[in-house]
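Colleague: For reference, the structure I am asking about is given below.
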Amino acid sequence: MTIQNSFVEMVPSSREAVGAVLTARNALLLVGVWVAYQLLRAAWNISPLHPLSRIPGPKLAAATYLPEFYYDCIKFGCYTKQIQKMHEVYGPIVRISPHEVHCIDAKFIDEIFAVGGRKRDKPPHQVSGSTIELSGFATSDHDAHRVRRVPLAKFFSRAQIARLEPEIQNLVQRMCNKLLAESGRMQPIDITMAYSCFTSDAISDYCFGSSFGFLAQKSWEPNFRAPLYSSLQTTFLFRFFPHLKHLTLAADFFINYLPEDVALLLTTINTTVPNQIKKTKADIDAGILEERETVFGSLLNSDLPPEEKSLKRLADEAMAVLGAGTETTSWALSVMTFHLLTQPKLLARLTQELREVIDDPTSLPAWPTLEKLPYLGAVIQEGLRLSYGVSARSARIPTEENLLYRGEWTPKGRSAPVDVAYVIPRGYAIGMSAVLVHHDEQIFPHSHSFIPERWLDENMERNRELEKTMLTFSKGGRMCLGMNLALCEIHLALAALTLRVFPHMRLFETDLEDVAYDHDMFIPLTKDGSKGVRVTIV
Ligand code: HEM
């Protein structure tokens with residue numbers, strides 16, 4: 001080979017080398033620009049010019065989302081506990097991220113979760129990662145949320161739920177019969193599974209006119225719990241990497257290679273629920289009349305604009321309603337079951353009160369009659385308090401007004417409280433966490449104990465004042481849409497269970513840790529490794 005030849009051969013490879021160096025330099029430059037931008041942003045976030053600069057809190061949380069990412073994504077669902085620690089140091093109002101403030105004072109509930117014309121957006125950071133992005137629940141903008149909530153809300157009014165009550169009564173008795181059929185088998189049952197079958201049959205029947213049929217199947221599984229848990233597992237991660245949620249759309253191609261529960265979730269989101277909507281639409285088009293009005297049948301028949309009735313939009317809403325309507329209610333019932341079985345005196349008192357109005361527990365009085373029973377109401381309130389609904393904070397953004405907080409607190413080392421006042425400027429998020437408010441010892445002394453009596457006043461009437469401090473169903477214009485349905489289900493189920501099933505039910509290797517809050521997955525979770533609230537029927 002001549003020298004000239006070897007030079008010619010070297011030219012392209014040296015060009016490639018130069019190209020590679022340039023690419024690496026450009027990449028480094030981009031990374032450098034990005035880092036500089038993030039540093040500038042962090043510096044702005046903690047500068048005295050930032051609108052939240054007067055709100056106390058740790059500097060790192062004010063500067064960046066790193067603490068939230070670390071505690072919620074890496075340590076999984078632990079930011080609420082960290083927020084509690086911040087309140088111990090900084091007082092009732094703390095800045096927990098560059099754009100968000102957290103409050104621990106129940107007196108401020110009605111300001112944060114306001115009603116009437118006072119607009120409240122949901123922070124995009126908290127909903128942008130949702131896989132049900134077109135549901136009302138995940139709609140950030142106040143006005144767009146109203147457009148979605150109002151047509152749905154009429155199906156969950158007290159009057160509508162009263163019409164649905166015979167179906168719920170039916171399902172309650174079916175659940176009790178199925179539990180009693182376990183008698184003598186001595187096989188432990190995860191009771192939340194049983195309750196989940198009941199609640200998901202109730203809501204799916206109401207939504208589509210045919211239930212999932214979980215109570216009719218032989219065992220308690222499969223049910224809607226596993227797919228729901230899979231969907232919530234990604235909540236925190238998708239908040240930081242919202243584009244990852246689009247992977248769910250491509251999942252059909254590799255569904256066979258995914259873990260079973262993830263595959264089940266994806267099938268539910270991409271196939272089962274859209275198919276239910278399609279079937280409802282096909283029935284309407286074919287002129288098949290529903291025996292009873294169903295939620296999605298009526299929405300499809302309504303004069304909502306076409307984009308609000310698209311398959312994706314209604315499937316997202318259906319997932320939201322099915323998801324919200326099952327786990328919360330079944331977990332509340334599980335918490336009540338655990339505490340009643342561990343405190344026989346409370347169970348005896350409840351049983352006595354129920355026996356006074358119920359001759360035959362297989363044929364219960366109507367929900368309004370049960371609602372008047374003070375001790376039943378107190379047990380339910382206490383169970384709702386300790387099951388929290390959504391334990392993690394859910395924040396709101398007041399878009400058109402500044403909020404003024406005035407309160408007092410006693411800093412560590414001080415003997416007397418000091419007054420504090422803060423302005424939360426419009427456009428910034430402020431949230432509250434049920435799990436922190438429900439353990440405010442000033443409001444709920446011995447807050448970790450199950451004490452139904454706290455909900456009764458001196459005349460043994462319901463303590464309505466105390467009920468105002470409950471966040472289980474949230475408050476304001478975005479509070480739980482299904483509260484009436486949930487309360488109806490819980491009153492009927494608890495009455496029937498108390499008289500028919502609890503006399504035969506025993507806890508199986510279950511203790512307080514199996515119901516006590518440990519961390520969040522949006523909803524409350526117990527310690528890792530818990531096998532749930534397990535019972536046997538003797
Ligand atoms: C004990 C039972 C229940 C509890 C504790 C509960 C709790 C909650 C809470 C705290 C929220 C507000 C979430 C947020 O701020 O992001 C909520 C919203 C919602 N809940 Fe419930 N829920 C229960 C049962 C139900 C049932 C049975 C349904 C059935 C329809 C339902 C449907 C919804 C819907 C659709 C929303 C979203 C409302 C909106 O954004 O406008 N929930 N629920």
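Labels for the structure tokens follow display order: chains A, B, ..., residues from 1 in each chain, ligands from 1.
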Find the residues near A:Ser53: any atom within 10 Å, counting only C-alpha atoms, skip ones fewer than 3 places away on the same chain, and give them as a PyMOL selection string.
Modeller: chain A and resi 44-50+56-57+62+95+98
Colleague: What does the list of residues within 6 Å of ligand 1 look like if you count only C-alpha atoms and all ligand atoms, written as a PDB file with C-alpha atoms, in the first residue's frame?
Modeller:
ATOM      1  CA  GLY A 136     -63.318  14.587  35.139  1.00  0.00           C
ATOM      2  CA  PHE A 137     -61.082  13.428  37.979  1.00  0.00           C
ATOM      3  CA  ARG A 149     -68.749  16.551  36.320  1.00  0.00           C
ATOM      4  CA  ALA A 320     -62.360   6.739  36.975  1.00  0.00           C
ATOM      5  CA  VAL A 321     -65.796   5.868  38.320  1.00  0.00           C
ATOM      6  CA  ALA A 324     -62.940   5.404  42.613  1.00  0.00           C
ATOM      7  CA  GLY A 325     -66.048   3.407  43.444  1.00  0.00           C
ATOM      8  CA  THR A 328     -62.156   3.206  48.818  1.00  0.00           C
ATOM      9  CA  THR A 329     -65.469   1.721  49.928  1.00  0.00           C
ATOM     10  CA  ALA A 332     -63.427   1.507  54.647  1.00  0.00           C
ATOM     11  CA  GLY A 389     -60.234   7.744  51.337  1.00  0.00           C
ATOM     12  CA  VAL A 390     -57.326   9.291  49.468  1.00  0.00           C
ATOM     13  CA  SER A 394     -54.785  16.412  46.685  1.00  0.00           C
ATOM     14  CA  THR A 472     -62.347  11.306  53.657  1.00  0.00           C
ATOM     15  CA  PHE A 473     -64.576  12.359  50.757  1.00  0.00           C
ATOM     16  CA  SER A 474     -62.612  15.598  50.228  1.00  0.00           C
ATOM     17  CA  ARG A 478     -64.223  18.334  43.282  1.00  0.00           C
ATOM     18  CA  MET A 479     -65.231  16.299  46.298  1.00  0.00           C
ATOM     19  CA  CYS A 480     -66.194  12.658  45.888  1.00  0.00           C
ATOM     20  CA  LEU A 481     -68.902  12.277  43.299  1.00  0.00           C
ATOM     21  CA  GLY A 482     -69.999   8.894  44.624  1.00  0.00           C
ATOM     22  CA  MET A 483     -70.369   9.781  48.305  1.00  0.00           C
ATOM     23  CA  LEU A 485     -73.536   5.621  46.753  1.00  0.00           C
ATOM     24  CA  ALA A 486     -70.637   4.835  49.101  1.00  0.00           C
TER      25      ALA A 486
END
Colleague: Any idea what's packed within 8 Å of stretch 438-451 of chain A, counting only C-alpha atoms, ignoring anything in its chain fewer than 5 positions away? Could you give it as a PyMOL selection string?
Modeller: chain A and resi 339+379+382-383+385-386+388+466+470-471
Colleague: Mind checking which residues fall within 10 Å of A:Lys468, counting only C-alpha atoms, ignoring those fewer than 6 positions away in the same chain, and posting them as a PDB file with N, CA and C atoms, in the first residue's frame?
Modeller:
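Final output, saved to part.pdb:
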ATOM      1  N   ALA A 106     -57.121  22.073  59.838  1.00  0.00           N
ATOM      2  CA  ALA A 106     -58.450  21.733  59.316  1.00  0.00           C
ATOM      3  C   ALA A 106     -59.353  22.962  59.177  1.00  0.00           C
ATOM      4  N   LYS A 107     -59.036  24.042  59.902  1.00  0.00           N
ATOM      5  CA  LYS A 107     -59.893  25.242  59.807  1.00  0.00           C
ATOM      6  C   LYS A 107     -59.802  25.883  58.416  1.00  0.00           C
ATOM      7  N   ILE A 109     -59.879  24.121  55.586  1.00  0.00           N
ATOM      8  CA  ILE A 109     -60.415  23.192  54.572  1.00  0.00           C
ATOM      9  C   ILE A 109     -61.307  23.912  53.558  1.00  0.00           C
ATOM     10  N   ASP A 110     -62.259  24.711  54.086  1.00  0.00           N
ATOM     11  CA  ASP A 110     -63.235  25.313  53.163  1.00  0.00           C
ATOM     12  C   ASP A 110     -62.634  26.399  52.269  1.00  0.00           C
ATOM     13  N   LYS A 475     -63.585  17.800  49.890  1.00  0.00           N
ATOM     14  CA  LYS A 475     -64.623  18.831  50.021  1.00  0.00           C
ATOM     15  C   LYS A 475     -64.627  19.681  48.767  1.00  0.00           C
TER      16      LYS A 475
END
Colleague: What are the closest atom pairs, with distances in Å to one decimal, for all residues of stretch 166-212 of chain A lying within 12 Å of stretch 217-238 of chain A? Consider only C-alpha atoms, order rows by chain and residue number, and present the result as JSON lines.
Modeller:
{"residue": "A:Arg174", "atom": "CA", "partner": "A:Gln217", "partner_atom": "CA", "distance": 11.4}
{"residue": "A:Met175", "atom": "CA", "partner": "A:Trp220", "partner_atom": "CA", "distance": 10.1}
{"residue": "A:Lys178", "atom": "CA", "partner": "A:Lys218", "partner_atom": "CA", "distance": 8.9}
{"residue": "A:Leu179", "atom": "CA", "partner": "A:Trp220", "partner_atom": "CA", "distance": 9.8}
{"residue": "A:Ala181", "atom": "CA", "partner": "A:Lys218", "partner_atom": "CA", "distance": 10.7}
{"residue": "A:Glu182", "atom": "CA", "partner": "A:Ser219", "partner_atom": "CA", "distance": 10.1}
{"residue": "A:Gln187", "atom": "CA", "partner": "A:Ser219", "partner_atom": "CA", "distance": 11.8}
{"residue": "A:Pro188", "atom": "CA", "partner": "A:Trp220", "partner_atom": "CA", "distance": 11.7}
{"residue": "A:Ile189", "atom": "CA", "partner": "A:Trp220", "partner_atom": "CA", "distance": 8.4}
{"residue": "A:Asp190", "atom": "CA", "partner": "A:Trp220", "partner_atom": "CA", "distance": 8.8}
{"residue": "A:Ile191", "atom": "CA", "partner": "A:Trp220", "partner_atom": "CA", "distance": 9.2}
{"residue": "A:Thr192", "atom": "CA", "partner": "A:Arg225", "partner_atom": "CA", "distance": 9.2}
{"residue": "A:Met193", "atom": "CA", "partner": "A:Trp220", "partner_atom": "CA", "distance": 6.2}
{"residue": "A:Ala194", "atom": "CA", "partner": "A:Trp220", "partner_atom": "CA", "distance": 5.8}
{"residue": "A:Tyr195", "atom": "CA", "partner": "A:Trp220", "partner_atom": "CA", "distance": 9.2}
{"residue": "A:Ser196", "atom": "CA", "partner": "A:Arg225", "partner_atom": "CA", "distance": 6.9}
{"residue": "A:Cys197", "atom": "CA", "partner": "A:Asn223", "partner_atom": "CA", "distance": 6.1}
{"residue": "A:Phe198", "atom": "CA", "partner": "A:Asn223", "partner_atom": "CA", "distance": 9.8}
{"residue": "A:Thr199", "atom": "CA", "partner": "A:Phe224", "partner_atom": "CA", "distance": 9.6}
{"residue": "A:Ser200", "atom": "CA", "partner": "A:Phe224", "partner_atom": "CA", "distance": 6.9}
{"residue": "A:Asp201", "atom": "CA", "partner": "A:Phe224", "partner_atom": "CA", "distance": 9.5}
{"residue": "A:Ile203", "atom": "CA", "partner": "A:Phe224", "partner_atom": "CA", "distance": 11.3}
{"residue": "A:Ser204", "atom": "CA", "partner": "A:Phe224", "partner_atom": "CA", "distance": 10.4}
{"residue": "A:Ser211", "atom": "CA", "partner": "A:Gln217", "partner_atom": "CA", "distance": 11.7}
{"residue": "A:Phe212", "atom": "CA", "partner": "A:Asn223", "partner_atom": "CA", "distance": 8.4}
Colleague: With only C-alpha atoms counted and 9 Å as the cut-off, give the residues of stretch 56-114 of chain A in contact with stretch 420-424 of chain A, each with its shortest interatomic distance in Å and the pair that gives it, as a Markdown table.
Modeller:
| residue | atom | partner | partner_atom | distance |
| --- | --- | --- | --- | --- |
| A:Gly91 | CA | A:Val420 | CA | 8.7 |
| A:Pro92 | CA | A:Val420 | CA | 8.8 |
| A:Ile93 | CA | A:Tyr422 | CA | 8.0 |
| A:Val101 | CA | A:Ile424 | CA | 7.9 |
Colleague: Just write the chosen residues, C-alpha atoms, as an mmCIF file, in the first residue's frame.
Modeller:
data_model
loop_
_atom_site.group_PDB
_atom_site.id
_atom_site.type_symbol
_atom_site.label_atom_id
_atom_site.label_comp_id
_atom_site.auth_asym_id
_atom_site.auth_seq_id
_atom_site.Cartn_x
_atom_site.Cartn_y
_atom_site.Cartn_z
ATOM 1 C CA GLY A 91 -45.666 25.291 61.283
ATOM 2 C CA PRO A 92 -49.141 24.811 59.804
ATOM 3 C CA ILE A 93 -48.231 26.077 56.311
ATOM 4 C CA VAL A 101 -47.874 24.691 49.586
#
Colleague: Stretch 286-404 of chain A: which residues are strand (DSSP E) by DSSP, as a list in words?
Modeller: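 The strand (DSSP E) residues within stretch 286-404 of chain A come out as Ser394, Ala395, Arg396, Ile397, Pro398, Leu403 and Leu404 of chain A.
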Colleague: Output N, CA and C atoms of each residue in that selection to a file, as a compact mmCIF listing (two decimals), in the first residue's frame.
Modeller:
# COMPACT_ATOMS: atom_id res chain seq x y z
N SER A 394 -54.22 16.06 47.98
CA SER A 394 -54.79 16.41 46.69
C SER A 394 -54.90 17.92 46.74
N ALA A 395 -54.16 18.60 45.87
CA ALA A 395 -54.07 20.06 46.01
C ALA A 395 -55.04 20.75 45.05
N ARG A 396 -55.29 22.00 45.32
CA ARG A 396 -56.12 22.84 44.46
C ARG A 396 -55.38 24.14 44.18
N ILE A 397 -55.64 24.73 43.01
CA ILE A 397 -55.04 26.02 42.68
C ILE A 397 -56.15 27.07 42.63
N PRO A 398 -56.15 28.02 43.56
CA PRO A 398 -57.12 29.12 43.43
C PRO A 398 -56.64 30.03 42.30
N LEU A 403 -55.31 33.49 48.75
CA LEU A 403 -55.90 32.99 49.99
C LEU A 403 -55.10 33.53 51.17
N LEU A 404 -55.83 33.95 52.19
CA LEU A 404 -55.14 34.47 53.38
C LEU A 404 -55.30 33.46 54.51
